[in-house]
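Everything on this sheet refers to the single structure shown next.
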Amino acid sequence: MRKLSLVLVCGFLVSWGFLAHKTLQQLAIYPLPTDLGLFFYANQDYIVQQSIRPDVRRKDDKTEDSKHYLDMDANVFGPNYRTDIPHDFKQAVAKYSFDSLRKEGLVPWEVNRVYSRLVNAFKNEMRDSVLFYAADLGHYVADAHVPLHTTKNHDGQLTNQKGMHVLWESLVPEAQLKNYTLYYPKVPEYIAKPQDFIFQILFESHAMLPDMFKAETEVRKALGEDKSFKMVERYGKMQRYYTDEFIQAFGDKLGTSIPNRMIQSSHRVTSFWYSAWKDAGSPTWVTKDISADKKAAFESEKVQWKSNTLISTGKLISLHK
Ligand SMILES: [Zn+2]
């Protein structure tokens, strides 16, 4: 068990928590055009369960870490990082060196790389590869939506707010998911330039940081340090954790900010999948061998999604034991 918890703890430090990743990846299936949606729905368990694979992979693959973030305010990018970082990978490597990028993060380029693989897999009717790359792509796209994945202060450690990472992306969603509205009336959008779009997403995330840090400070002031933190022994060491009361108060303070970002991540995952399929020429092989029963089940589950009853009807896979 110790090994498993270590994996979980590592996972928390690099992305949306497992609950949010699985939830948003399931939600990304419903808005797809019917043909493509059916293919993903027929493989829904895989798509949902494997949404966390890139985090799990970190345990054995040391090159994996940097694919989940871009610390755009790191010194190497200079004060004008918003305009200075080339979107093109070769240009970015030429400007900063690969070692610097590997240190400060590779997520926008990993998204682009996996996107190309997905387009290629769609084109060549490589079913297994489509599922593999779609699951991975969803993870990296979702990670780019997490504000703390865009800053060197990625855990609040530079501002005496250590623990912010797991707080924002795991603890609050875990405490409040049941109150979230999981339906959003948006159709997938075609992304003409994935490499530019992923940077747009990262800048949106980055712009959310000041409010998050401010909310942490305000809730801490309101509750006092004693009610904000508890000391827990982990691996023989006492560590400071936010209390349940703090987690609820922080989530409430941010209002719809976290659920909205999670839902927006989901919508972008849909759009990336949809665009890859379009770029491959909208192949029709995706609906081969899908039974009438599966089609009917998909339609009825879409009704549950639209009426926001996926949780109450037990259809949200991330909550299954
Ligand atoms: Zn991640």
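Every chain in the structure tokens has a letter given in the order shown (A, B, ...), and although residue numbers restart at 1 in each chain, ligands are simply numbered from 1 in the order shown.
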Per residue of chain A within 12 Å of ligand 1, note the shortest atom pair and the distance in Å to one decimal, counting only C-alpha atoms and all ligand atoms, and order the rows by chain and increasing residue number, as JSON lines.
```
{"residue": "A:Leu8", "atom": "CA", "partner": "ligand 1", "partner_atom_place_in_ligand_line": "1 (Zn)", "distance": 11.6}
{"residue": "A:Cys10", "atom": "CA", "partner": "ligand 1", "partner_atom_place_in_ligand_line": "1 (Zn)", "distance": 9.7}
{"residue": "A:Gly11", "atom": "CA", "partner": "ligand 1", "partner_atom_place_in_ligand_line": "1 (Zn)", "distance": 6.9}
{"residue": "A:Phe12", "atom": "CA", "partner": "ligand 1", "partner_atom_place_in_ligand_line": "1 (Zn)", "distance": 8.2}
{"residue": "A:Leu13", "atom": "CA", "partner": "ligand 1", "partner_atom_place_in_ligand_line": "1 (Zn)", "distance": 8.1}
{"residue": "A:Val14", "atom": "CA", "partner": "ligand 1", "partner_atom_place_in_ligand_line": "1 (Zn)", "distance": 4.7}
{"residue": "A:Ser15", "atom": "CA", "partner": "ligand 1", "partner_atom_place_in_ligand_line": "1 (Zn)", "distance": 3.7}
{"residue": "A:Trp16", "atom": "CA", "partner": "ligand 1", "partner_atom_place_in_ligand_line": "1 (Zn)", "distance": 6.6}
{"residue": "A:Gly17", "atom": "CA", "partner": "ligand 1", "partner_atom_place_in_ligand_line": "1 (Zn)", "distance": 8.3}
{"residue": "A:Phe18", "atom": "CA", "partner": "ligand 1", "partner_atom_place_in_ligand_line": "1 (Zn)", "distance": 9.2}
{"residue": "A:Ala20", "atom": "CA", "partner": "ligand 1", "partner_atom_place_in_ligand_line": "1 (Zn)", "distance": 11.1}
{"residue": "A:His21", "atom": "CA", "partner": "ligand 1", "partner_atom_place_in_ligand_line": "1 (Zn)", "distance": 8.8}
{"residue": "A:Lys22", "atom": "CA", "partner": "ligand 1", "partner_atom_place_in_ligand_line": "1 (Zn)", "distance": 11.9}
{"residue": "A:Gln50", "atom": "CA", "partner": "ligand 1", "partner_atom_place_in_ligand_line": "1 (Zn)", "distance": 11.9}
{"residue": "A:Ser51", "atom": "CA", "partner": "ligand 1", "partner_atom_place_in_ligand_line": "1 (Zn)", "distance": 9.3}
{"residue": "A:Ile52", "atom": "CA", "partner": "ligand 1", "partner_atom_place_in_ligand_line": "1 (Zn)", "distance": 7.3}
{"residue": "A:Arg53", "atom": "CA", "partner": "ligand 1", "partner_atom_place_in_ligand_line": "1 (Zn)", "distance": 8.7}
{"residue": "A:Pro54", "atom": "CA", "partner": "ligand 1", "partner_atom_place_in_ligand_line": "1 (Zn)", "distance": 6.2}
{"residue": "A:Asp55", "atom": "CA", "partner": "ligand 1", "partner_atom_place_in_ligand_line": "1 (Zn)", "distance": 5.0}
{"residue": "A:Val56", "atom": "CA", "partner": "ligand 1", "partner_atom_place_in_ligand_line": "1 (Zn)", "distance": 8.8}
{"residue": "A:Arg57", "atom": "CA", "partner": "ligand 1", "partner_atom_place_in_ligand_line": "1 (Zn)", "distance": 9.8}
{"residue": "A:Arg58", "atom": "CA", "partner": "ligand 1", "partner_atom_place_in_ligand_line": "1 (Zn)", "distance": 9.1}
{"residue": "A:Glu64", "atom": "CA", "partner": "ligand 1", "partner_atom_place_in_ligand_line": "1 (Zn)", "distance": 9.2}
{"residue": "A:Asp65", "atom": "CA", "partner": "ligand 1", "partner_atom_place_in_ligand_line": "1 (Zn)", "distance": 8.0}
{"residue": "A:Ser66", "atom": "CA", "partner": "ligand 1", "partner_atom_place_in_ligand_line": "1 (Zn)", "distance": 9.3}
{"residue": "A:Lys67", "atom": "CA", "partner": "ligand 1", "partner_atom_place_in_ligand_line": "1 (Zn)", "distance": 7.8}
{"residue": "A:His68", "atom": "CA", "partner": "ligand 1", "partner_atom_place_in_ligand_line": "1 (Zn)", "distance": 4.8}
{"residue": "A:Tyr69", "atom": "CA", "partner": "ligand 1", "partner_atom_place_in_ligand_line": "1 (Zn)", "distance": 7.8}
{"residue": "A:Leu70", "atom": "CA", "partner": "ligand 1", "partner_atom_place_in_ligand_line": "1 (Zn)", "distance": 11.6}
{"residue": "A:Gly105", "atom": "CA", "partner": "ligand 1", "partner_atom_place_in_ligand_line": "1 (Zn)", "distance": 11.7}
{"residue": "A:Leu106", "atom": "CA", "partner": "ligand 1", "partner_atom_place_in_ligand_line": "1 (Zn)", "distance": 11.6}
{"residue": "A:Val107", "atom": "CA", "partner": "ligand 1", "partner_atom_place_in_ligand_line": "1 (Zn)", "distance": 9.3}
{"residue": "A:Glu110", "atom": "CA", "partner": "ligand 1", "partner_atom_place_in_ligand_line": "1 (Zn)", "distance": 11.6}
{"residue": "A:Val111", "atom": "CA", "partner": "ligand 1", "partner_atom_place_in_ligand_line": "1 (Zn)", "distance": 11.8}
{"residue": "A:Ala135", "atom": "CA", "partner": "ligand 1", "partner_atom_place_in_ligand_line": "1 (Zn)", "distance": 12.0}
{"residue": "A:Asp136", "atom": "CA", "partner": "ligand 1", "partner_atom_place_in_ligand_line": "1 (Zn)", "distance": 9.6}
{"residue": "A:Leu137", "atom": "CA", "partner": "ligand 1", "partner_atom_place_in_ligand_line": "1 (Zn)", "distance": 10.6}
{"residue": "A:Gly138", "atom": "CA", "partner": "ligand 1", "partner_atom_place_in_ligand_line": "1 (Zn)", "distance": 10.1}
{"residue": "A:His139", "atom": "CA", "partner": "ligand 1", "partner_atom_place_in_ligand_line": "1 (Zn)", "distance": 6.3}
{"residue": "A:Tyr140", "atom": "CA", "partner": "ligand 1", "partner_atom_place_in_ligand_line": "1 (Zn)", "distance": 6.3}
{"residue": "A:Val141", "atom": "CA", "partner": "ligand 1", "partner_atom_place_in_ligand_line": "1 (Zn)", "distance": 9.3}
{"residue": "A:Ala142", "atom": "CA", "partner": "ligand 1", "partner_atom_place_in_ligand_line": "1 (Zn)", "distance": 8.1}
{"residue": "A:Asp143", "atom": "CA", "partner": "ligand 1", "partner_atom_place_in_ligand_line": "1 (Zn)", "distance": 5.5}
{"residue": "A:Ala144", "atom": "CA", "partner": "ligand 1", "partner_atom_place_in_ligand_line": "1 (Zn)", "distance": 8.8}
{"residue": "A:His145", "atom": "CA", "partner": "ligand 1", "partner_atom_place_in_ligand_line": "1 (Zn)", "distance": 10.7}
{"residue": "A:Val146", "atom": "CA", "partner": "ligand 1", "partner_atom_place_in_ligand_line": "1 (Zn)", "distance": 9.6}
{"residue": "A:Leu148", "atom": "CA", "partner": "ligand 1", "partner_atom_place_in_ligand_line": "1 (Zn)", "distance": 11.5}
{"residue": "A:His149", "atom": "CA", "partner": "ligand 1", "partner_atom_place_in_ligand_line": "1 (Zn)", "distance": 9.0}
{"residue": "A:His165", "atom": "CA", "partner": "ligand 1", "partner_atom_place_in_ligand_line": "1 (Zn)", "distance": 11.9}
{"residue": "A:Glu169", "atom": "CA", "partner": "ligand 1", "partner_atom_place_in_ligand_line": "1 (Zn)", "distance": 10.8}
```
Just-selected residues, N, CA and C atoms written as a compact mmCIF listing (two decimals), in the first residue's frame:
```txt
# COMPACT_ATOMS: atom_id res chain seq x y z
N LEU A 8 0.18 8.03 -5.63
CA LEU A 8 -0.91 9.00 -5.55
C LEU A 8 -0.39 10.37 -5.15
N CYS A 10 2.59 11.58 -5.57
CA CYS A 10 3.32 12.18 -6.70
C CYS A 10 2.33 12.73 -7.70
N GLY A 11 1.32 11.95 -7.99
CA GLY A 11 0.32 12.36 -8.97
C GLY A 11 -0.29 13.69 -8.61
N PHE A 12 -0.56 13.86 -7.33
CA PHE A 12 -1.19 15.11 -6.90
C PHE A 12 -0.33 16.32 -7.20
N LEU A 13 0.97 16.10 -7.25
CA LEU A 13 1.85 17.26 -7.42
C LEU A 13 2.03 17.66 -8.88
N VAL A 14 1.49 16.90 -9.79
CA VAL A 14 1.78 17.25 -11.18
C VAL A 14 0.56 17.51 -12.05
N SER A 15 -0.62 17.49 -11.53
CA SER A 15 -1.75 17.65 -12.44
C SER A 15 -3.04 17.84 -11.67
N TRP A 16 -4.12 17.98 -12.41
CA TRP A 16 -5.40 17.84 -11.75
C TRP A 16 -5.31 16.54 -10.95
N GLY A 17 -6.02 16.45 -9.85
CA GLY A 17 -6.05 15.18 -9.13
C GLY A 17 -6.71 14.11 -9.98
N PHE A 18 -6.57 12.87 -9.54
CA PHE A 18 -7.10 11.75 -10.31
C PHE A 18 -8.61 11.89 -10.52
N ALA A 20 -10.50 14.61 -10.71
CA ALA A 20 -10.83 15.63 -11.70
C ALA A 20 -10.45 15.17 -13.12
N HIS A 21 -9.25 14.56 -13.25
CA HIS A 21 -8.84 14.08 -14.57
C HIS A 21 -9.86 13.10 -15.14
N LYS A 22 -10.26 12.13 -14.32
CA LYS A 22 -11.19 11.11 -14.82
C LYS A 22 -12.55 11.72 -15.13
N GLN A 50 -7.51 5.62 -18.17
CA GLN A 50 -6.14 5.93 -18.63
C GLN A 50 -5.86 7.43 -18.65
N SER A 51 -6.83 8.23 -18.25
CA SER A 51 -6.61 9.68 -18.22
C SER A 51 -5.50 10.05 -17.23
N ILE A 52 -5.22 9.16 -16.29
CA ILE A 52 -4.19 9.47 -15.28
C ILE A 52 -2.86 8.77 -15.58
N ARG A 53 -2.82 8.00 -16.67
CA ARG A 53 -1.60 7.23 -16.98
C ARG A 53 -0.34 8.09 -17.05
N PRO A 54 -0.39 9.28 -17.69
CA PRO A 54 0.85 10.07 -17.73
C PRO A 54 1.40 10.41 -16.35
N ASP A 55 0.53 10.56 -15.35
CA ASP A 55 1.02 10.80 -14.00
C ASP A 55 1.62 9.53 -13.40
N VAL A 56 0.96 8.42 -13.62
CA VAL A 56 1.45 7.15 -13.08
C VAL A 56 2.80 6.79 -13.70
N ARG A 57 2.95 7.13 -14.97
CA ARG A 57 4.18 6.83 -15.72
C ARG A 57 5.41 7.50 -15.11
N ARG A 58 5.21 8.59 -14.42
CA ARG A 58 6.34 9.34 -13.84
C ARG A 58 7.19 8.48 -12.91
N GLU A 64 9.33 12.03 -17.89
CA GLU A 64 7.91 12.34 -17.96
C GLU A 64 7.54 13.66 -17.25
N ASP A 65 8.19 13.91 -16.11
CA ASP A 65 7.80 15.05 -15.26
C ASP A 65 7.52 16.36 -15.99
N SER A 66 8.49 16.77 -16.80
CA SER A 66 8.39 18.11 -17.38
C SER A 66 7.32 18.24 -18.47
N LYS A 67 6.75 17.13 -18.85
CA LYS A 67 5.71 17.18 -19.90
C LYS A 67 4.37 17.70 -19.37
N HIS A 68 4.30 17.95 -18.05
CA HIS A 68 3.01 18.31 -17.45
C HIS A 68 2.87 19.79 -17.12
N TYR A 69 3.88 20.59 -17.36
CA TYR A 69 3.81 22.00 -16.95
C TYR A 69 4.71 22.88 -17.81
N LEU A 70 4.57 24.19 -17.64
CA LEU A 70 5.53 25.15 -18.18
C LEU A 70 5.62 26.30 -17.18
N GLY A 105 9.78 23.06 -18.18
CA GLY A 105 8.51 22.47 -18.61
C GLY A 105 8.34 22.38 -20.11
N LEU A 106 7.60 21.35 -20.52
CA LEU A 106 7.44 21.03 -21.94
C LEU A 106 5.98 20.88 -22.36
N VAL A 107 5.04 21.17 -21.46
CA VAL A 107 3.66 20.77 -21.77
C VAL A 107 3.13 21.26 -23.12
N GLU A 110 4.54 18.99 -25.76
CA GLU A 110 4.10 17.60 -25.63
C GLU A 110 2.67 17.47 -26.17
N VAL A 111 1.85 18.47 -25.91
CA VAL A 111 0.48 18.47 -26.46
C VAL A 111 0.56 18.40 -27.99
N ALA A 135 -6.19 9.40 -24.88
CA ALA A 135 -6.16 9.42 -23.41
C ALA A 135 -5.03 10.32 -22.91
N ASP A 136 -3.86 10.15 -23.51
CA ASP A 136 -2.70 10.96 -23.10
C ASP A 136 -2.92 12.44 -23.41
N LEU A 137 -3.41 12.71 -24.61
CA LEU A 137 -3.62 14.10 -25.03
C LEU A 137 -4.57 14.81 -24.06
N GLY A 138 -5.66 14.11 -23.70
CA GLY A 138 -6.61 14.69 -22.75
C GLY A 138 -5.93 15.08 -21.44
N HIS A 139 -5.03 14.25 -21.00
CA HIS A 139 -4.32 14.54 -19.74
C HIS A 139 -3.48 15.82 -19.85
N TYR A 140 -2.67 15.89 -20.89
CA TYR A 140 -1.78 17.05 -21.01
C TYR A 140 -2.55 18.35 -21.26
N VAL A 141 -3.61 18.27 -22.07
CA VAL A 141 -4.44 19.46 -22.32
C VAL A 141 -5.07 19.92 -21.01
N ALA A 142 -5.57 18.97 -20.23
CA ALA A 142 -6.19 19.32 -18.94
C ALA A 142 -5.16 19.94 -18.00
N ASP A 143 -3.96 19.38 -17.96
CA ASP A 143 -2.92 19.93 -17.09
C ASP A 143 -2.60 21.39 -17.42
N ALA A 144 -2.64 21.72 -18.70
CA ALA A 144 -2.34 23.10 -19.12
C ALA A 144 -3.37 24.09 -18.58
N HIS A 145 -4.52 23.59 -18.15
CA HIS A 145 -5.57 24.45 -17.59
C HIS A 145 -5.37 24.72 -16.09
N VAL A 146 -4.41 24.04 -15.48
CA VAL A 146 -4.19 24.22 -14.04
C VAL A 146 -3.22 25.39 -13.82
N LEU A 148 -1.40 26.48 -11.43
CA LEU A 148 -0.12 26.23 -10.77
C LEU A 148 0.86 25.44 -11.65
N HIS A 149 0.42 25.04 -12.83
CA HIS A 149 1.32 24.39 -13.80
C HIS A 149 2.02 25.41 -14.69
N HIS A 165 -0.94 23.47 -4.32
CA HIS A 165 -1.14 22.65 -5.52
C HIS A 165 -2.24 21.60 -5.31
N GLU A 169 -6.23 21.62 -6.97
CA GLU A 169 -6.60 20.66 -8.02
C GLU A 169 -7.14 19.33 -7.50
```
Excluding A:Thr243 and its own-chain neighbours fewer than 3 positions away, which residues fall within 9 Å of it when counting only C-alpha atoms? Please give them as a PDB file with N, CA and C atoms, in the first residue's frame.
```pdb
ATOM      1  N   LYS A 227      -7.022  26.906  12.862  1.00  0.00           N
ATOM      2  CA  LYS A 227      -8.131  26.245  12.177  1.00  0.00           C
ATOM      3  C   LYS A 227      -7.806  25.960  10.709  1.00  0.00           C
ATOM      4  N   SER A 228      -6.769  26.588  10.193  1.00  0.00           N
ATOM      5  CA  SER A 228      -6.419  26.400   8.781  1.00  0.00           C
ATOM      6  C   SER A 228      -5.571  25.148   8.554  1.00  0.00           C
ATOM      7  N   PHE A 229      -4.775  24.782   9.559  1.00  0.00           N
ATOM      8  CA  PHE A 229      -3.815  23.685   9.360  1.00  0.00           C
ATOM      9  C   PHE A 229      -3.908  22.609  10.423  1.00  0.00           C
ATOM     10  N   LYS A 230      -3.544  21.402   9.997  1.00  0.00           N
ATOM     11  CA  LYS A 230      -3.369  20.315  10.949  1.00  0.00           C
ATOM     12  C   LYS A 230      -2.020  19.670  10.646  1.00  0.00           C
ATOM     13  N   PHE A 246     -10.822  24.488   6.206  1.00  0.00           N
ATOM     14  CA  PHE A 246     -10.129  25.407   5.302  1.00  0.00           C
ATOM     15  C   PHE A 246     -10.448  25.065   3.838  1.00  0.00           C
ATOM     16  N   ILE A 247     -10.423  23.773   3.529  1.00  0.00           N
ATOM     17  CA  ILE A 247     -10.668  23.332   2.148  1.00  0.00           C
ATOM     18  C   ILE A 247     -12.046  23.818   1.680  1.00  0.00           C
ATOM     19  N   GLN A 248     -13.063  23.621   2.519  1.00  0.00           N
ATOM     20  CA  GLN A 248     -14.416  24.069   2.175  1.00  0.00           C
ATOM     21  C   GLN A 248     -14.452  25.592   2.010  1.00  0.00           C
TER      22      GLN A 248
END
```
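Across A:Lys295, A:Arg234, A:Met208, A:Pro185, the tightest approach to A:Ser307 is made by A:Pro185 when counting only C-alpha atoms.
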Show me a table, sorted first by chain and then by increasing residue number, of the residues of stretch 130-209 of chain A having an atom at most 12 Å from stretch 35-40 of chain A, each with its shortest atom pair and the distance in Å to one decimal, counting only C-alpha atoms and written as JSON lines.
```
{"residue": "A:Val130", "atom": "CA", "partner": "A:Phe40", "partner_atom": "CA", "distance": 9.8}
{"residue": "A:Leu131", "atom": "CA", "partner": "A:Phe40", "partner_atom": "CA", "distance": 8.0}
{"residue": "A:Phe132", "atom": "CA", "partner": "A:Phe40", "partner_atom": "CA", "distance": 11.5}
{"residue": "A:Ala134", "atom": "CA", "partner": "A:Phe40", "partner_atom": "CA", "distance": 9.3}
{"residue": "A:Ala135", "atom": "CA", "partner": "A:Phe40", "partner_atom": "CA", "distance": 10.1}
{"residue": "A:Pro188", "atom": "CA", "partner": "A:Gly37", "partner_atom": "CA", "distance": 11.1}
```
Take the residues just selected and output them with N, CA and C atoms as a PDB file, in the first residue's frame.
```
ATOM      1  N   VAL A 130      -5.182   5.278 -31.491  1.00  0.00           N
ATOM      2  CA  VAL A 130      -6.097   6.407 -31.319  1.00  0.00           C
ATOM      3  C   VAL A 130      -6.476   6.528 -29.837  1.00  0.00           C
ATOM      4  N   LEU A 131      -6.840   5.404 -29.249  1.00  0.00           N
ATOM      5  CA  LEU A 131      -7.259   5.437 -27.841  1.00  0.00           C
ATOM      6  C   LEU A 131      -6.100   5.827 -26.933  1.00  0.00           C
ATOM      7  N   PHE A 132      -4.937   5.271 -27.225  1.00  0.00           N
ATOM      8  CA  PHE A 132      -3.757   5.566 -26.408  1.00  0.00           C
ATOM      9  C   PHE A 132      -3.435   7.065 -26.435  1.00  0.00           C
ATOM     10  N   ALA A 134      -5.313   9.565 -27.531  1.00  0.00           N
ATOM     11  CA  ALA A 134      -6.430  10.413 -27.092  1.00  0.00           C
ATOM     12  C   ALA A 134      -6.432  10.530 -25.571  1.00  0.00           C
ATOM     13  N   ALA A 135      -6.188   9.402 -24.884  1.00  0.00           N
ATOM     14  CA  ALA A 135      -6.164   9.425 -23.414  1.00  0.00           C
ATOM     15  C   ALA A 135      -5.028  10.316 -22.915  1.00  0.00           C
ATOM     16  N   PRO A 188     -18.103  21.121 -29.715  1.00  0.00           N
ATOM     17  CA  PRO A 188     -16.647  21.173 -29.915  1.00  0.00           C
ATOM     18  C   PRO A 188     -16.279  22.246 -30.942  1.00  0.00           C
TER      19      PRO A 188
END
```
(request) Per DSSP on the backbone, filter stretch 121-234 of chain A down to the residues in alpha helix (DSSP H) and report them as a ChimeraX atom specification. (result) /A:121-123,127-144,164-166,172-176,194-207,209-223,225-228
(message) Between atom CA of A:Thr287 and atom CA of A:Ile311, what is the distance in Å, rounded to a tenth?
(response)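 Here the two named atoms are 27.5 Å from each other.
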(request) Write out as a ChimeraX atom specification which residues come within 10 Å of A:Glu189 when counting only C-alpha atoms, dropping same-chain ones fewer than 2 positions away. (result) /A:32,186-187,191-192,267-268,270-275
Using C-alpha atoms, can you export the residues from the last selection as a PDB file, in the first residue's frame?
```pdb
ATOM      1  CA  LEU A  32     -18.477  14.990 -29.642  1.00  0.00           C
ATOM      2  CA  LYS A 186     -21.095  23.874 -25.789  1.00  0.00           C
ATOM      3  CA  VAL A 187     -20.243  22.143 -29.038  1.00  0.00           C
ATOM      4  CA  ILE A 191      -8.705  24.260 -33.392  1.00  0.00           C
ATOM      5  CA  ALA A 192      -6.901  25.532 -36.468  1.00  0.00           C
ATOM      6  CA  HIS A 267     -14.466  21.234 -23.401  1.00  0.00           C
ATOM      7  CA  ARG A 268     -10.950  21.824 -24.699  1.00  0.00           C
ATOM      8  CA  THR A 270     -13.300  17.517 -26.656  1.00  0.00           C
ATOM      9  CA  SER A 271     -12.127  20.161 -29.121  1.00  0.00           C
ATOM     10  CA  PHE A 272      -8.620  18.696 -29.406  1.00  0.00           C
ATOM     11  CA  TRP A 273     -10.001  15.197 -30.079  1.00  0.00           C
ATOM     12  CA  TYR A 274     -12.510  16.566 -32.559  1.00  0.00           C
ATOM     13  CA  SER A 275      -9.876  18.618 -34.388  1.00  0.00           C
TER      14      SER A 275
END
```
